[in-house]
Number of protein chains: 2
Amino acid sequence: MKKSLGAHTIVYPSPVFIIGSYDQAGKPNAMAVAWGGICCSKPPCVAISLRKATYSYGNIMARKAFTVNIPSEKLIIQSDYFGMVSGRDENKFEKSGLTAVRSELVDAPYIAEFPLVLECTCIHTHEIGLHTQFIGEILDVKVEETMFDGDQPDIQKIKPFIYDMTSSSYYGIGQKLALSFSIGKEI
Amino acid sequence: MKKSLGAHTIVYPSPVFIIGSYDQAGKPNAMAVAWGGICCSKPPCVAISLRKATYSYGNIMARKAFTVNIPSEKLIIQSDYFGMVSGRDENKFEKSGLTAVRSELVDAPYIAEFPLVLECTCIHTHEIGLHTQFIGEILDVKVEETMFDGDQPDIQKIKPFIYDMTSSSYYGIGQKLALSFSIGKEI
């Protein structure tokens, strides 16, 4: 039997994306976002949703660019901090001790210490409600060179984590369960 | 040092959403989608991206409704199957042995055996490129009553899994790492 919870934003898994942007003065900012995901294969695009009230909203609207930085477990304290404080009030790079690197492809900074980063140019914005959705075309994916398995990034080395909104907590990635487009052949 | 991979759709984690819809004749269909995520808090909305070539695309365009069904690990074979075959060619509910339940809220079926389902009415479509993005307003979340921790769904009981596009495989959810909006206070 199923129990009805009403209208809520609950899905598993939800990501922890750290969004890099520049403000008007060129100060880098980083913000944590859980509302997002890949949204198109050609061109390769990622969607992120931000409230208008956030500092990053104005940054991305003005610069038409952002980065998506995927954290490792060892960056969990900094990642949570990026979601707790506004760039309007603090210089989050200075406070966290992390390094903003100017992208050569888009007008946004990525985070040197993060294992996997996407450099995105904002090609669409969609007003949905409380949140505005930014569609970023992914111009490049950069991955720490020690975190590959052959020629592909290795999720087991990168150790990303997920956001669970129902327990307000972060979970790691568990065991490999099966190959995709493969185990379903049993049916 | 980071290595540049070029323009690719790589983020961690990516979800495994099973999308329920009805075709013109009222036949239920289920399709696996990894391009998606929550996109707005008010109204609560989830975004999913589909290629026009899919059978579900026409279903959702016509019915303006879909469900998002979150699988448990024990449904991994059926979930993978739903991503391998088109509803144009097979009755995926009959083949998989799973049960389509008519939603009382939207013109789409959800899957009885899945632990957590969202019933959505499609309020926007966005053409991005190869994929079209459907924005679903979440009218209700239904959760198996044995899978709660107090009054909240329990991710450790539900046991969802993630899709890793870099190794073409599925991973489970690991350990709880930290509380969100909390551990960042150390900075």
# chains A, B, ... in the order shown; residues from 1 in each chain; ligands from 1
$ residues_around --residues "Pro71 in chain B" --least-positions-apart "5" --cutoff "10 Å" --atoms "only C-alpha atoms" --output "ChimeraX atom specification"
/A:12 /B:15-18,76,78-79,111,113-117,158-162
$ write_last_selection --atoms "C-alpha atoms" --output "PDB file, in the first residue's frame"
ATOM      1  CA  TYR A  12      16.351   9.911  -5.523  1.00  0.00           C
TER       2      TYR A  12
ATOM      3  CA  PRO B  15      19.212   9.279 -11.785  1.00  0.00           C
ATOM      4  CA  VAL B  16      17.237   6.334 -13.096  1.00  0.00           C
ATOM      5  CA  PHE B  17      13.693   7.605 -13.512  1.00  0.00           C
ATOM      6  CA  ILE B  18      11.074   5.250 -14.955  1.00  0.00           C
ATOM      7  CA  ILE B  76      17.035  -3.176 -11.510  1.00  0.00           C
ATOM      8  CA  GLN B  78      12.965  -4.396 -15.058  1.00  0.00           C
ATOM      9  CA  SER B  79      14.291  -0.820 -14.953  1.00  0.00           C
ATOM     10  CA  ILE B 111       3.929   1.283 -11.314  1.00  0.00           C
ATOM     11  CA  GLU B 113       5.710  -2.360  -7.408  1.00  0.00           C
ATOM     12  CA  PHE B 114       7.862   0.808  -7.347  1.00  0.00           C
ATOM     13  CA  PRO B 115       8.470   2.267  -3.878  1.00  0.00           C
ATOM     14  CA  LEU B 116       8.156   5.977  -4.700  1.00  0.00           C
ATOM     15  CA  VAL B 117       6.143   7.576  -7.489  1.00  0.00           C
ATOM     16  CA  ILE B 158      13.853   2.468  -0.667  1.00  0.00           C
ATOM     17  CA  LYS B 159      17.363   1.613  -1.972  1.00  0.00           C
ATOM     18  CA  PRO B 160      17.305   3.666  -5.189  1.00  0.00           C
ATOM     19  CA  PHE B 161      20.264   3.451  -7.538  1.00  0.00           C
ATOM     20  CA  ILE B 162      22.139   5.776  -9.848  1.00  0.00           C
TER      21      ILE B 162
END
$ interface_residues --of "chain A" --to "chain B" --cutoff "6 Å" --atoms "only C-alpha atoms" --output "count of residues only"
53
$ residues_around --residues "Lys27 in chain A" --least-positions-apart "5" --cutoff "12 Å" --atoms "only C-alpha atoms" --output "NGL selection string"
:A and (20-22 or 55-56 or 59 or 87-88 or 90-94 or 100-102 or 107-109)
$ write_last_selection --atoms "C-alpha atoms" --output "JSON list (two decimals), in the first residue's frame"
[["chain", "number", "residue", "atom", "x", "y", "z"],
["A", 20, "GLY", "CA", 30.86, 28.72, -10.28],
["A", 21, "SER", "CA", 30.18, 32.27, -11.52],
["A", 22, "TYR", "CA", 31.65, 35.78, -11.52],
["A", 55, "TYR", "CA", 23.68, 36.04, -5.75],
["A", 56, "SER", "CA", 24.59, 33.53, -8.48],
["A", 59, "ASN", "CA", 25.93, 36.63, -11.98],
["A", 87, "GLY", "CA", 28.22, 35.38, -2.02],
["A", 88, "ARG", "CA", 26.60, 38.73, -1.31],
["A", 90, "GLU", "CA", 31.07, 36.50, 2.07],
["A", 91, "ASN", "CA", 33.91, 35.77, -0.32],
["A", 92, "LYS", "CA", 33.34, 32.03, -0.29],
["A", 93, "PHE", "CA", 36.60, 31.18, -2.06],
["A", 94, "GLU", "CA", 38.67, 33.10, 0.49],
["A", 100, "ALA", "CA", 39.01, 29.77, -8.44],
["A", 101, "VAL", "CA", 40.47, 29.14, -11.91],
["A", 102, "ARG", "CA", 39.38, 31.39, -14.78],
["A", 107, "ASP", "CA", 33.15, 33.73, -18.51],
["A", 108, "ALA", "CA", 33.08, 31.80, -15.24],
["A", 109, "PRO", "CA", 35.51, 30.25, -12.75]]
